[in-house]
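entry_15.cif follows; it contains mmCIF, C-alpha atoms and all ligand atoms.
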```cif
data_coords
#
loop_
_atom_site.label_atom_id
_atom_site.label_comp_id
_atom_site.auth_asym_id
_atom_site.auth_seq_id
_atom_site.Cartn_x
_atom_site.Cartn_y
_atom_site.Cartn_z
CA MET A 21 5.29 257.72 -97.14
CA THR A 22 7.44 254.60 -97.63
CA ALA A 23 5.44 252.78 -94.95
CA ALA A 24 2.39 252.94 -97.17
CA ILE A 25 4.12 251.07 -99.98
CA SER A 26 4.32 247.30 -99.75
CA LYS A 27 7.64 245.52 -99.98
CA THR A 28 6.48 243.90 -103.23
CA SER A 29 5.86 247.33 -104.73
CA LEU A 30 9.23 248.65 -103.56
CA LEU A 31 11.02 245.68 -105.13
CA SER A 32 8.97 246.13 -108.25
CA LEU A 33 10.08 249.78 -108.51
CA TYR A 34 13.67 248.61 -108.13
CA GLU A 35 13.26 245.89 -110.74
CA THR A 36 11.73 248.32 -113.22
CA MET A 37 14.68 250.71 -112.89
CA VAL A 38 17.21 247.89 -113.23
CA ARG A 39 15.37 246.60 -116.32
CA GLN A 40 15.47 250.07 -117.88
CA ARG A 41 19.17 250.57 -117.11
CA MET A 42 20.33 247.15 -118.31
CA LEU A 43 18.22 247.34 -121.45
CA GLU A 44 19.66 250.74 -122.40
CA GLU A 45 23.25 249.64 -121.71
CA GLU A 46 22.60 246.75 -124.08
CA VAL A 47 21.05 249.07 -126.67
CA VAL A 48 24.20 251.21 -126.71
CA GLU A 49 26.29 248.06 -127.34
CA LEU A 50 23.96 246.72 -130.04
CA PHE A 51 24.04 250.09 -131.78
CA LYS A 52 27.86 250.04 -131.79
CA GLN A 53 27.71 246.56 -133.34
CA GLY A 54 25.54 247.93 -136.15
CA LEU A 55 22.53 245.85 -135.12
CA ILE A 56 20.20 248.80 -134.49
CA PRO A 57 19.44 250.83 -137.59
CA GLY A 58 18.55 254.51 -137.31
CA LEU A 59 18.90 256.18 -133.95
CA ALA A 60 18.34 255.55 -130.26
CA HIS A 61 18.22 258.03 -127.38
CA PRO A 62 19.34 256.39 -124.12
CA TYR A 63 17.21 256.82 -121.01
CA ILE A 64 20.11 256.04 -118.66
CA GLY A 65 19.94 258.29 -115.58
CA GLN A 66 16.23 259.06 -115.95
CA GLU A 67 14.87 255.68 -114.81
CA ALA A 68 13.18 256.94 -111.64
CA VAL A 69 10.80 259.08 -113.67
CA ALA A 70 9.06 256.45 -115.79
CA ALA A 71 9.34 253.83 -113.03
CA GLY A 72 7.72 256.13 -110.44
CA VAL A 73 5.04 257.48 -112.77
CA CYS A 74 3.99 254.14 -114.26
CA ALA A 75 3.82 252.54 -110.81
CA ALA A 76 1.06 255.03 -110.02
CA LEU A 77 -0.98 253.83 -113.00
CA GLY A 78 -3.59 251.11 -112.98
CA GLU A 79 -5.20 248.69 -115.41
CA GLY A 80 -6.27 250.43 -118.60
CA ASP A 81 -4.27 253.63 -118.02
CA LEU A 82 -2.32 254.81 -121.02
CA VAL A 83 1.04 256.35 -121.88
CA VAL A 84 2.13 258.60 -124.74
CA SER A 85 5.87 258.47 -125.22
CA ASN A 86 8.56 260.40 -127.09
CA HIS A 87 11.92 259.86 -128.79
CA ARG A 88 13.55 258.83 -125.47
CA GLY A 89 10.93 256.19 -124.89
CA HIS A 90 12.45 252.75 -124.21
CA GLY A 91 12.29 253.35 -120.45
CA HIS A 92 8.61 254.32 -120.71
CA SER A 93 7.83 251.05 -122.49
CA VAL A 94 9.71 248.98 -119.91
CA ALA A 95 7.91 250.73 -117.05
CA LYS A 96 4.57 250.10 -118.73
CA GLY A 97 5.35 246.40 -118.90
CA VAL A 98 6.45 245.81 -122.48
CA PRO A 99 8.78 242.78 -122.54
CA GLU A 100 12.44 243.34 -123.42
CA ARG A 101 12.21 240.93 -126.35
CA ALA A 102 9.48 243.03 -128.02
CA ILE A 103 11.43 246.27 -127.49
CA LEU A 104 14.74 244.88 -128.73
CA SER A 105 13.10 243.21 -131.72
CA GLU A 106 11.50 246.54 -132.60
CA LEU A 107 14.81 248.39 -132.32
CA MET A 108 16.49 245.83 -134.57
CA GLY A 109 13.66 246.04 -137.10
CA LYS A 110 12.63 242.42 -136.52
CA ASP A 111 9.15 240.95 -136.99
CA ALA A 112 8.58 240.24 -133.28
CA GLY A 113 8.86 243.94 -132.41
CA MET A 114 6.12 245.99 -130.78
CA CYS A 115 5.24 247.38 -134.23
CA LEU A 116 6.41 244.35 -136.21
CA GLY A 117 9.77 246.07 -136.63
CA LEU A 118 8.30 248.88 -138.74
CA GLY A 119 8.46 251.68 -136.16
CA GLY A 120 11.94 251.45 -134.65
CA SER A 121 13.21 253.22 -131.57
CA MET A 122 11.18 256.41 -131.83
CA HIS A 123 7.83 255.17 -133.14
CA SER A 124 6.75 252.28 -131.03
CA THR A 125 3.31 251.36 -129.86
CA ASP A 126 2.02 248.52 -127.73
CA LEU A 127 -1.71 248.90 -127.22
CA GLN A 128 -1.94 245.81 -125.04
CA ALA A 129 0.55 247.33 -122.60
CA GLY A 130 -1.08 250.76 -122.88
CA VAL A 131 1.71 252.51 -124.80
CA VAL A 132 -0.60 254.31 -127.22
CA PHE A 133 2.21 255.67 -129.36
CA SER A 134 5.52 257.48 -129.30
CA THR A 135 6.57 260.28 -131.58
CA ALA A 136 9.89 261.85 -132.54
CA ILE A 137 8.29 265.25 -133.19
CA VAL A 138 9.38 267.25 -130.16
CA GLY A 139 6.23 268.40 -128.34
CA GLY A 140 4.08 266.61 -130.92
CA GLY A 141 2.83 263.97 -128.51
CA ILE A 142 1.37 266.52 -126.08
CA PRO A 143 -1.73 267.59 -128.05
CA LEU A 144 -2.22 264.02 -129.20
CA ALA A 145 -2.29 262.89 -125.56
CA VAL A 146 -4.98 265.51 -124.99
CA GLY A 147 -6.96 263.85 -127.78
CA VAL A 148 -6.51 260.48 -126.09
CA ALA A 149 -7.74 262.01 -122.82
CA LEU A 150 -10.76 263.49 -124.61
CA ALA A 151 -11.60 260.04 -125.97
CA LEU A 152 -11.37 258.58 -122.44
CA GLN A 153 -13.65 261.33 -121.14
CA MET A 154 -16.18 260.92 -123.97
CA ASP A 155 -16.24 257.16 -123.43
CA LYS A 156 -16.84 257.81 -119.72
CA LYS A 157 -13.79 255.75 -118.79
CA THR A 158 -12.23 256.15 -115.38
CA ASN A 159 -8.74 255.84 -116.84
CA CYS A 160 -6.14 258.50 -117.49
CA VAL A 161 -3.30 259.07 -119.93
CA VAL A 162 0.24 260.14 -119.05
CA CYS A 163 2.26 262.10 -121.57
CA PHE A 164 6.06 262.06 -121.24
CA PHE A 165 8.12 264.84 -122.85
CA GLY A 166 11.36 266.73 -122.30
CA ASP A 167 12.23 270.23 -121.13
CA GLY A 168 12.77 271.29 -124.75
CA ALA A 169 9.22 270.28 -125.62
CA THR A 170 7.81 272.76 -123.11
CA ASN A 171 8.96 275.62 -125.35
CA THR A 172 6.85 274.49 -128.29
CA GLY A 173 3.49 276.09 -128.98
CA ALA A 174 1.90 272.65 -128.89
CA PHE A 175 2.69 272.33 -125.17
CA HIS A 176 0.86 275.57 -124.30
CA GLU A 177 -2.16 274.95 -126.52
CA ALA A 178 -2.48 271.42 -125.19
CA LEU A 179 -2.29 272.41 -121.52
CA ASN A 180 -4.86 275.13 -122.01
CA LEU A 181 -7.39 272.89 -123.75
CA ALA A 182 -6.87 270.02 -121.31
CA ALA A 183 -7.45 272.44 -118.42
CA VAL A 184 -10.57 273.99 -119.95
CA TRP A 185 -12.10 270.58 -120.59
CA LYS A 186 -10.80 269.04 -117.33
CA LEU A 187 -9.34 266.11 -119.23
CA PRO A 188 -7.83 263.05 -117.48
CA VAL A 189 -4.21 263.65 -118.51
CA VAL A 190 -0.97 263.92 -116.57
CA PHE A 191 1.74 265.92 -118.31
CA VAL A 192 5.15 264.64 -117.20
CA CYS A 193 8.10 266.83 -118.13
CA GLU A 194 11.42 265.03 -117.79
CA ASN A 195 13.69 268.01 -117.26
CA ASN A 196 17.07 266.45 -118.02
CA HIS A 197 18.51 269.97 -118.38
CA TYR A 198 19.33 269.76 -122.08
CA ALA A 199 17.53 269.81 -125.40
CA VAL A 200 20.26 268.22 -127.55
CA SER A 201 23.09 270.67 -126.68
CA VAL A 202 21.01 273.60 -125.39
CA PRO A 203 20.95 273.89 -121.58
CA VAL A 204 17.59 274.65 -120.05
CA SER A 205 19.10 277.78 -118.46
CA LYS A 206 19.50 279.26 -121.95
CA SER A 207 16.07 278.31 -123.25
CA THR A 208 13.59 278.54 -120.42
CA SER A 209 12.87 281.65 -118.39
CA ALA A 210 11.11 280.25 -115.33
CA SER A 211 10.48 276.95 -113.60
CA ILE A 212 8.60 274.54 -115.83
CA ALA A 213 6.33 273.38 -112.99
CA GLN A 214 5.19 276.99 -112.46
CA ARG A 215 3.76 277.03 -115.96
CA GLY A 216 0.84 275.00 -114.64
CA GLN A 217 -0.37 278.14 -112.86
CA ALA A 218 -0.82 279.92 -116.17
CA TYR A 219 -3.46 277.34 -117.07
CA GLY A 220 -5.03 277.03 -113.64
CA ILE A 221 -3.76 273.50 -113.03
CA PRO A 222 -1.38 272.14 -110.38
CA GLY A 223 2.30 272.25 -111.26
CA LEU A 224 4.16 269.69 -109.19
CA SER A 225 7.94 269.46 -108.84
CA ALA A 226 9.43 266.05 -108.17
CA ASP A 227 13.00 264.92 -107.66
CA GLY A 228 13.47 262.87 -110.80
CA MET A 229 16.42 261.03 -109.23
CA ASN A 230 14.20 259.75 -106.41
CA VAL A 231 11.71 257.11 -107.48
CA LEU A 232 9.53 257.45 -104.37
CA ASP A 233 9.27 261.21 -104.76
CA VAL A 234 8.16 260.76 -108.36
CA TYR A 235 5.71 258.01 -107.36
CA GLU A 236 4.14 260.22 -104.71
CA ALA A 237 3.67 263.20 -107.05
CA ALA A 238 2.36 260.95 -109.83
CA SER A 239 -0.12 259.28 -107.46
CA GLN A 240 -1.61 262.70 -106.65
CA ALA A 241 -1.80 263.66 -110.32
CA VAL A 242 -3.32 260.33 -111.40
CA SER A 243 -5.89 260.44 -108.62
CA ARG A 244 -6.92 263.98 -109.60
CA ALA A 245 -7.25 262.98 -113.26
CA LYS A 246 -9.36 259.94 -112.43
CA LYS A 247 -11.67 261.93 -110.17
CA GLY A 248 -12.52 264.17 -113.12
CA GLU A 249 -10.69 267.16 -111.63
CA GLY A 250 -8.50 267.66 -114.69
CA PRO A 251 -4.88 267.64 -115.72
CA THR A 252 -1.68 268.15 -113.74
CA LEU A 253 1.74 269.23 -114.91
CA MET A 254 4.64 267.41 -113.25
CA GLU A 255 8.22 268.51 -113.65
CA CYS A 256 10.79 265.87 -112.73
CA GLU A 257 14.35 267.14 -112.48
CA THR A 258 16.67 264.50 -113.82
CA TYR A 259 19.74 264.01 -116.01
CA ARG A 260 20.75 261.90 -118.95
CA TYR A 261 24.17 260.35 -118.43
CA LYS A 262 24.79 259.59 -122.10
CA GLY A 263 24.77 262.00 -125.01
CA HIS A 264 21.53 263.11 -126.66
CA GLY A 265 21.60 260.07 -128.94
CA VAL A 266 23.82 257.02 -129.22
CA TYR A 267 26.07 258.91 -131.66
CA ASP A 268 26.83 261.77 -129.23
CA THR A 269 29.51 261.74 -126.52
CA GLY A 270 27.55 264.44 -124.68
CA LEU A 271 30.77 266.21 -123.73
CA ASP A 272 30.93 269.00 -126.33
CA TYR A 273 28.42 271.13 -124.44
CA ARG A 274 28.79 269.99 -120.83
CA THR A 275 31.65 268.94 -118.61
CA GLN A 276 32.56 265.50 -117.32
CA GLN A 277 32.48 267.05 -113.86
CA GLU A 278 28.81 267.97 -114.30
CA VAL A 279 27.99 264.43 -115.45
CA ASP A 280 29.92 262.94 -112.52
CA ASP A 281 28.12 265.18 -110.04
CA TRP A 282 24.73 263.99 -111.27
CA MET A 283 25.88 260.37 -111.27
CA LYS A 284 26.57 260.68 -107.56
CA ARG A 285 22.78 261.02 -107.22
CA ASP A 286 22.14 257.89 -109.29
CA PRO A 287 18.49 256.89 -108.82
CA ILE A 288 19.17 253.15 -108.69
CA GLN A 289 22.07 253.32 -106.25
CA ALA A 290 20.20 255.83 -104.08
CA PHE A 291 17.19 253.51 -103.93
CA GLU A 292 19.42 250.52 -103.13
CA ARG A 293 20.93 252.47 -100.23
CA LYS A 294 17.50 253.42 -98.96
CA LEU A 295 16.11 249.88 -99.19
CA THR A 296 19.06 248.28 -97.45
CA THR A 297 19.79 250.88 -94.78
CA GLU A 298 16.13 251.09 -93.78
CA ASN A 299 15.88 247.27 -93.76
CA LEU A 300 13.21 247.32 -96.46
CA ALA A 301 15.14 244.74 -98.51
CA THR A 302 18.33 242.76 -98.21
CA VAL A 303 21.41 243.00 -100.42
CA GLU A 304 20.75 239.38 -101.45
CA GLU A 305 17.20 240.19 -102.58
CA LEU A 306 18.46 243.06 -104.73
CA ASP A 307 21.27 240.89 -106.16
CA ALA A 308 18.69 238.24 -107.08
CA ILE A 309 16.59 240.83 -108.93
CA ARG A 310 19.60 242.05 -110.90
CA SER A 311 20.57 238.47 -111.85
CA LYS A 312 17.03 237.69 -112.97
CA VAL A 313 16.84 240.85 -115.11
CA LYS A 314 20.29 240.17 -116.58
CA SER A 315 19.46 236.63 -117.68
CA ARG A 316 16.06 237.64 -119.07
CA LEU A 317 17.78 240.39 -121.05
CA ALA A 318 20.37 237.97 -122.44
CA GLU A 319 17.53 235.71 -123.62
CA ALA A 320 15.77 238.69 -125.18
CA VAL A 321 18.91 239.74 -127.08
CA ALA A 322 19.36 236.21 -128.46
CA PHE A 323 15.65 236.06 -129.33
CA ALA A 324 15.69 239.40 -131.20
CA LYS A 325 18.90 238.54 -133.07
CA ASP A 326 17.32 235.28 -134.26
CA ARG A 327 14.07 236.77 -135.48
CA PRO A 328 13.66 237.48 -139.19
CA TYR A 329 12.98 240.91 -140.66
CA PRO A 330 9.30 241.44 -141.51
CA PRO A 331 8.22 240.19 -144.95
CA ASP A 332 8.38 242.75 -147.78
CA ASP A 333 4.64 242.60 -148.46
CA LEU A 334 3.99 244.04 -145.00
CA LEU A 335 5.28 247.40 -146.24
CA ALA A 336 2.25 248.09 -148.43
CA LYS A 337 -0.22 246.87 -145.82
CA PHE A 338 0.17 249.94 -143.63
CA VAL A 339 0.42 252.57 -146.35
CA TRP A 340 -2.74 254.66 -146.57
CA ALA A 341 -2.80 256.27 -149.96
C1 LIG B 1 9.63 269.64 -133.90
C2 LIG B 1 11.03 269.13 -133.77
N1 LIG B 1 12.06 269.99 -133.73
C3 LIG B 1 13.33 269.55 -133.62
C4 LIG B 1 13.59 268.19 -133.55
C5 LIG B 1 15.01 267.69 -133.37
N2 LIG B 1 15.16 267.24 -131.97
C6 LIG B 1 15.07 265.93 -131.62
S1 LIG B 1 15.17 265.70 -129.96
C7 LIG B 1 15.38 267.35 -129.69
C8 LIG B 1 15.58 267.90 -128.30
C9 LIG B 1 14.49 267.52 -127.38
O1 LIG B 1 14.82 267.97 -126.09
P1 LIG B 1 13.90 267.63 -124.88
O2 LIG B 1 12.50 267.94 -125.23
O3 LIG B 1 14.48 268.31 -123.70
O4 LIG B 1 14.02 266.04 -124.75
P2 LIG B 1 15.32 265.19 -124.40
O5 LIG B 1 15.96 264.81 -125.70
O6 LIG B 1 16.21 265.99 -123.55
O7 LIG B 1 14.78 263.97 -123.69
C10 LIG B 1 15.35 268.06 -130.88
C11 LIG B 1 15.50 269.53 -130.99
C12 LIG B 1 12.48 267.32 -133.62
N3 LIG B 1 12.64 265.99 -133.54
N4 LIG B 1 11.21 267.80 -133.69
MG MG B 2 15.80 267.57 -122.29
#
```

Would you write the structure of this file as structure tokens?
Ligand SMILES: Cc1ncc(C[n+]2csc(CCOP(=O)(O)OP(=O)(O)O)c2C)c(N)n1
Ligand SMILES: [Mg+2]
Amino acid sequence: MTAAISKTSLLSLYETMVRQRMLEEEVVELFKQGLIPGLAHPYIGQEAVAAGVCAALGEGDLVVSNHRGHGHSVAKGVPERAILSELMGKDAGMCLGLGGSMHSTDLQAGVVFSTAIVGGGIPLAVGVALALQMDKKTNCVVCFFGDGATNTGAFHEALNLAAVWKLPVVFVCENNHYAVSVPVSKSTSASIAQRGQAYGIPGLSADGMNVLDVYEAASQAVSRAKKGEGPTLMECETYRYKGHGVYDTGLDYRTQQEVDDWMKRDPIQAFERKLTTENLATVEELDAIRSKVKSRLAEAVAFAKDRPYPPDDLLAKFVWA
């Protein structure tokens, strides 16, 4: 499979994951410094999912995101400076600083919206897919959500309707094994991927710690959606290294040993090993990518810190009442 992917695309997958990781590490620091109001839910550990899925998308394809969405925005091409400005509530943010971490939109990049209502984005993504179908577009929409979201009624209603109407949507479940503190083993009776069968659609399982595995599954799902064959459910098994949110150590309901075991499968390190041992890239090339991302991130942090907060009169502009 790797042979079919160009070196440029492989390096691009790597760069996307490094951008996601470095951005989130910075977000955790900025939160500790009191520079990010509200909440943030780190994506660290899950990078291969959004990187692999978004690499399978083309021009005009869309993404619906959730509360753990910074990595989705990065993978869809939103610049770090717009994300960080949004998180800090500054005027250069994706939503002019009004949305914050969990409610960010960048229509130009194709991030239609993100929502903090668990499962709430799934039926809305179906609506986006219906609009694409009615407009006779050849694009698709990807909806990212967690394992917890698959136990909401909205998930089941949305999958059923999308299947009946053969809508161009790819449902991507990021099974990071916890919904806040509840392990998936205590909330979910069968494999999430298998739930696709109940609605007559494919249910694909991908290794969410392996960016190429995710890319391959997503490519199948995207191609099916664009051919008018309908939706696909993808379950990507992954893990969040940090707590549920920036306030949570993540160790009250799981052991350090469990975290360490997952970290041994780190998606970025695993991909580095693959690229270098199979002579697909050199250590120097990967170092250069990390340096580039690091300096661009430092510029973005300085940029966001310098920006002003949005003017007060902007508040009333978006109130519909
Ligand atoms: C409808 C609803 N119920 C509860 C919450 C509180 N809440 C926020 S995130 C979350 C867990 C989500 O778990 P999962 O879907 O697995 O996503 P993850 O956080 O693991 O990425 C909960 C219960 C909410 N935001 N919305
Ligand atoms: Mg989860």

Taking all atoms listed in the file into account, which residues have an atom no farther than 8 Å from ligand MG 2 (chain B)? I'd like them as an mmCIF file with C-alpha atoms, keeping the file's coordinate frame.
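Output file out15.cif follows:
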```cif
data_model
loop_
_atom_site.group_PDB
_atom_site.id
_atom_site.type_symbol
_atom_site.label_atom_id
_atom_site.label_comp_id
_atom_site.auth_asym_id
_atom_site.auth_seq_id
_atom_site.Cartn_x
_atom_site.Cartn_y
_atom_site.Cartn_z
ATOM 1 C CA GLY A 166 11.360 266.730 -122.300
ATOM 2 C CA ASP A 167 12.230 270.230 -121.130
ATOM 3 C CA GLY A 168 12.770 271.290 -124.750
ATOM 4 C CA ALA A 169 9.220 270.280 -125.620
ATOM 5 C CA GLU A 194 11.420 265.030 -117.790
ATOM 6 C CA ASN A 195 13.690 268.010 -117.260
ATOM 7 C CA ASN A 196 17.070 266.450 -118.020
ATOM 8 C CA HIS A 197 18.510 269.970 -118.380
ATOM 9 C CA TYR A 198 19.330 269.760 -122.080
ATOM 10 C CA ALA A 199 17.530 269.810 -125.400
ATOM 11 C CA VAL A 200 20.260 268.220 -127.550
ATOM 12 C CA VAL A 204 17.590 274.650 -120.050
#
```

Distance table requested - chain A against ligand LIG 1 (chain B), cut-off 10 Å, only C-alpha atoms and all ligand atoms: one row per qualifying residue with the closest atom pair and its distance in Å to one decimal, ordered by chain and rising residue number, as a Markdown table.
```
| residue | atom | partner | partner_atom | distance |
| --- | --- | --- | --- | --- |
| A:His61 | CA | B:LIG1 | O5 | 7.3 |
| A:Pro62 | CA | B:LIG1 | O7 | 8.9 |
| A:Tyr63 | CA | B:LIG1 | O7 | 8.0 |
| A:Gln66 | CA | B:LIG1 | O7 | 9.3 |
| A:Asn86 | CA | B:LIG1 | O7 | 7.9 |
| A:His87 | CA | B:LIG1 | S1 | 6.8 |
| A:Arg88 | CA | B:LIG1 | O7 | 5.6 |
| A:Gly89 | CA | B:LIG1 | O7 | 8.8 |
| A:Met122 | CA | B:LIG1 | N3 | 9.8 |
| A:Thr135 | CA | B:LIG1 | N3 | 8.6 |
| A:Ala136 | CA | B:LIG1 | N3 | 5.1 |
| A:Ile137 | CA | B:LIG1 | N4 | 3.9 |
| A:Val138 | CA | B:LIG1 | N4 | 4.0 |
| A:Gly139 | CA | B:LIG1 | C1 | 6.6 |
| A:Gly140 | CA | B:LIG1 | C1 | 7.0 |
| A:Phe164 | CA | B:LIG1 | O7 | 9.3 |
| A:Phe165 | CA | B:LIG1 | O2 | 5.9 |
| A:Gly166 | CA | B:LIG1 | O2 | 3.4 |
| A:Asp167 | CA | B:LIG1 | O3 | 3.9 |
| A:Gly168 | CA | B:LIG1 | O2 | 3.4 |
| A:Ala169 | CA | B:LIG1 | O2 | 4.0 |
| A:Thr170 | CA | B:LIG1 | O2 | 7.1 |
| A:Asn171 | CA | B:LIG1 | O2 | 8.5 |
| A:Thr172 | CA | B:LIG1 | C1 | 7.9 |
| A:Ala174 | CA | B:LIG1 | C1 | 9.7 |
| A:Cys193 | CA | B:LIG1 | O2 | 8.4 |
| A:Glu194 | CA | B:LIG1 | O7 | 6.9 |
| A:Asn195 | CA | B:LIG1 | O3 | 6.5 |
| A:Asn196 | CA | B:LIG1 | O6 | 5.6 |
| A:His197 | CA | B:LIG1 | O3 | 6.9 |
| A:Tyr198 | CA | B:LIG1 | O6 | 5.1 |
| A:Ala199 | CA | B:LIG1 | O1 | 3.3 |
| A:Val200 | CA | B:LIG1 | C8 | 4.8 |
| A:Ser201 | CA | B:LIG1 | C8 | 8.2 |
| A:Val202 | CA | B:LIG1 | C8 | 8.4 |
| A:Pro203 | CA | B:LIG1 | O3 | 8.8 |
| A:Val204 | CA | B:LIG1 | O3 | 7.9 |
| A:Thr258 | CA | B:LIG1 | O6 | 9.9 |
| A:Tyr259 | CA | B:LIG1 | O6 | 8.6 |
| A:Arg260 | CA | B:LIG1 | O6 | 7.6 |
| A:Gly263 | CA | B:LIG1 | O5 | 9.3 |
| A:His264 | CA | B:LIG1 | O5 | 5.9 |
| A:Gly265 | CA | B:LIG1 | O5 | 8.0 |
```

As number ranges by chain, please: the residues near Arg327 of chain A (cut-off 8 Å, all atoms listed in the file, same-chain neighbours under 2 positions excluded). A: 105, 110-112, 323-325, 329

Closest contacts (segment 225-273 of chain A/segment 142-162 of chain A, max 9 Å, all atoms listed in the file) as JSON lines:
```
{"residue": "A:Val242", "atom": "CA", "partner": "A:Cys160", "partner_atom": "CA", "distance": 7.0}
{"residue": "A:Ala245", "atom": "CA", "partner": "A:Cys160", "partner_atom": "CA", "distance": 6.3}
{"residue": "A:Lys246", "atom": "CA", "partner": "A:Thr158", "partner_atom": "CA", "distance": 5.6}
{"residue": "A:Lys247", "atom": "CA", "partner": "A:Thr158", "partner_atom": "CA", "distance": 7.8}
{"residue": "A:Gly248", "atom": "CA", "partner": "A:Thr158", "partner_atom": "CA", "distance": 8.3}
```

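Atom pair atom CA of Glu249 of chain A / atom CA of Lys186 of chain A: separated by 6.0 Å.
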
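Atom pair atom CA of Leu82 of chain A / atom CA of Val131 of chain A has a distance of 6.0 Å (rounded to one decimal).
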
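Taking atom CA of Leu77 of chain A as the reference point, atom CA of Leu181 of chain A is found at 22.8 Å.
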
With all atoms listed in the file as the counted atoms, please give the residues lying no more than 10 Å from segment 42-59 of chain A, apart from itself and same-chain residues fewer than 6 positions off, as a PyMOL selection string. chain A and resi 87+90-91+94+100+103-109+120-122+262+265-267+310+313-314+317-318+320-321+325

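Nearest to Asp81 of chain A of all the residues A:Ile288, A:Ile212, A:Ser32, A:Val189 is A:Val189, based on only C-alpha atoms.
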
Next on the checklist: For segment 218-229 of chain A, find every residue with an atom within 9 Å (counting only C-alpha atoms), except residues of its own chain fewer than 4 positions away, and show them as a PyMOL selection string.
Outcome noted: chain A and resi 65-69+72+176+179-181+183-184+194-196+212-214+233-238+241+250-259+285-288+290

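Closest approach to Arg244 of chain A among A:Ala76, A:Ala60, A:Val84, A:Leu335 is made by A:Ala76 (distances from only C-alpha atoms).
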
List as a PyMOL selection string the protein and nucleic acid residues near Leu334 of chain A, meaning an atom at most 12 Å away when only C-alpha atoms are counted, but skip any in the same chain fewer than 2 places from it. chain A and resi 111+115-118+329-332+336-339

Review point. Around (3.1, 244.9, -126.0) in the file's frame, which residues reach within 6 Å when counting all atoms listed in the file? Return as a ChimeraX atom specification?
Key: /A:98,114,126,128-129

Where's the centre, and what are the edge lengths in Å to one decimal, of a box along x, y and z enclosing all listed atoms of segment 298-314 of chain A padded 8 Å per side, as AutoDock Vina command-line options?
```
--center_x 17.3 --center_y 244.4 --center_z -105.2 --size_x 24.2 --size_y 29.4 --size_z 38.8
```

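Here the selection is built from all atoms listed in the file, and the residues within 8 Å of (10.6, 251.1, -106.4) turn out to be Ser29, Leu30, Leu31, Ser32, Leu33, Tyr34, Glu35, Thr36, Met37, Ala71, Gly72, Val231, Leu232 and Phe291 of chain A.
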
Using the incomplete input, complete segment 257-268 of chain A to the level of N, CA and C atoms; output as a PDB file, in the frame of the given file.
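Ended up saving to part03.pdb:
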```pdb
ATOM      1  N   GLU A 257      12.964 266.747-112.167  1.00  0.00           N
ATOM      2  CA  GLU A 257      14.350 267.140-112.480  1.00  0.00           C
ATOM      3  C   GLU A 257      15.242 265.914-112.510  1.00  0.00           C
ATOM      4  N   THR A 258      15.872 265.701-113.635  1.00  0.00           N
ATOM      5  CA  THR A 258      16.670 264.500-113.820  1.00  0.00           C
ATOM      6  C   THR A 258      17.864 264.819-114.718  1.00  0.00           C
ATOM      7  N   TYR A 259      18.534 263.793-115.203  1.00  0.00           N
ATOM      8  CA  TYR A 259      19.740 264.010-116.010  1.00  0.00           C
ATOM      9  C   TYR A 259      19.979 262.801-116.879  1.00  0.00           C
ATOM     10  N   ARG A 260      20.371 263.047-118.123  1.00  0.00           N
ATOM     11  CA  ARG A 260      20.750 261.900-118.950  1.00  0.00           C
ATOM     12  C   ARG A 260      22.263 261.763-118.897  1.00  0.00           C
ATOM     13  N   TYR A 261      22.721 260.561-118.569  1.00  0.00           N
ATOM     14  CA  TYR A 261      24.170 260.350-118.430  1.00  0.00           C
ATOM     15  C   TYR A 261      24.874 260.315-119.778  1.00  0.00           C
ATOM     16  N   LYS A 262      24.179 259.733-120.772  1.00  0.00           N
ATOM     17  CA  LYS A 262      24.790 259.590-122.100  1.00  0.00           C
ATOM     18  C   LYS A 262      24.545 260.861-122.907  1.00  0.00           C
ATOM     19  N   GLY A 263      25.043 260.874-124.138  1.00  0.00           N
ATOM     20  CA  GLY A 263      24.770 262.000-125.010  1.00  0.00           C
ATOM     21  C   GLY A 263      23.303 262.018-125.413  1.00  0.00           C
ATOM     22  N   HIS A 264      22.931 263.004-126.234  1.00  0.00           N
ATOM     23  CA  HIS A 264      21.530 263.110-126.660  1.00  0.00           C
ATOM     24  C   HIS A 264      21.061 261.822-127.345  1.00  0.00           C
ATOM     25  N   GLY A 265      21.885 261.338-128.266  1.00  0.00           N
ATOM     26  CA  GLY A 265      21.600 260.070-128.940  1.00  0.00           C
ATOM     27  C   GLY A 265      22.824 259.180-128.837  1.00  0.00           C
ATOM     28  N   VAL A 266      22.708 257.961-129.351  1.00  0.00           N
ATOM     29  CA  VAL A 266      23.820 257.020-129.220  1.00  0.00           C
ATOM     30  C   VAL A 266      25.079 257.474-129.958  1.00  0.00           C
ATOM     31  N   TYR A 267      24.934 258.429-130.862  1.00  0.00           N
ATOM     32  CA  TYR A 267      26.070 258.910-131.660  1.00  0.00           C
ATOM     33  C   TYR A 267      26.854 260.020-130.941  1.00  0.00           C
ATOM     34  N   ASP A 268      26.337 260.532-129.839  1.00  0.00           N
ATOM     35  CA  ASP A 268      26.830 261.770-129.230  1.00  0.00           C
ATOM     36  C   ASP A 268      27.579 261.442-127.928  1.00  0.00           C
TER      37      ASP A 268
END
```
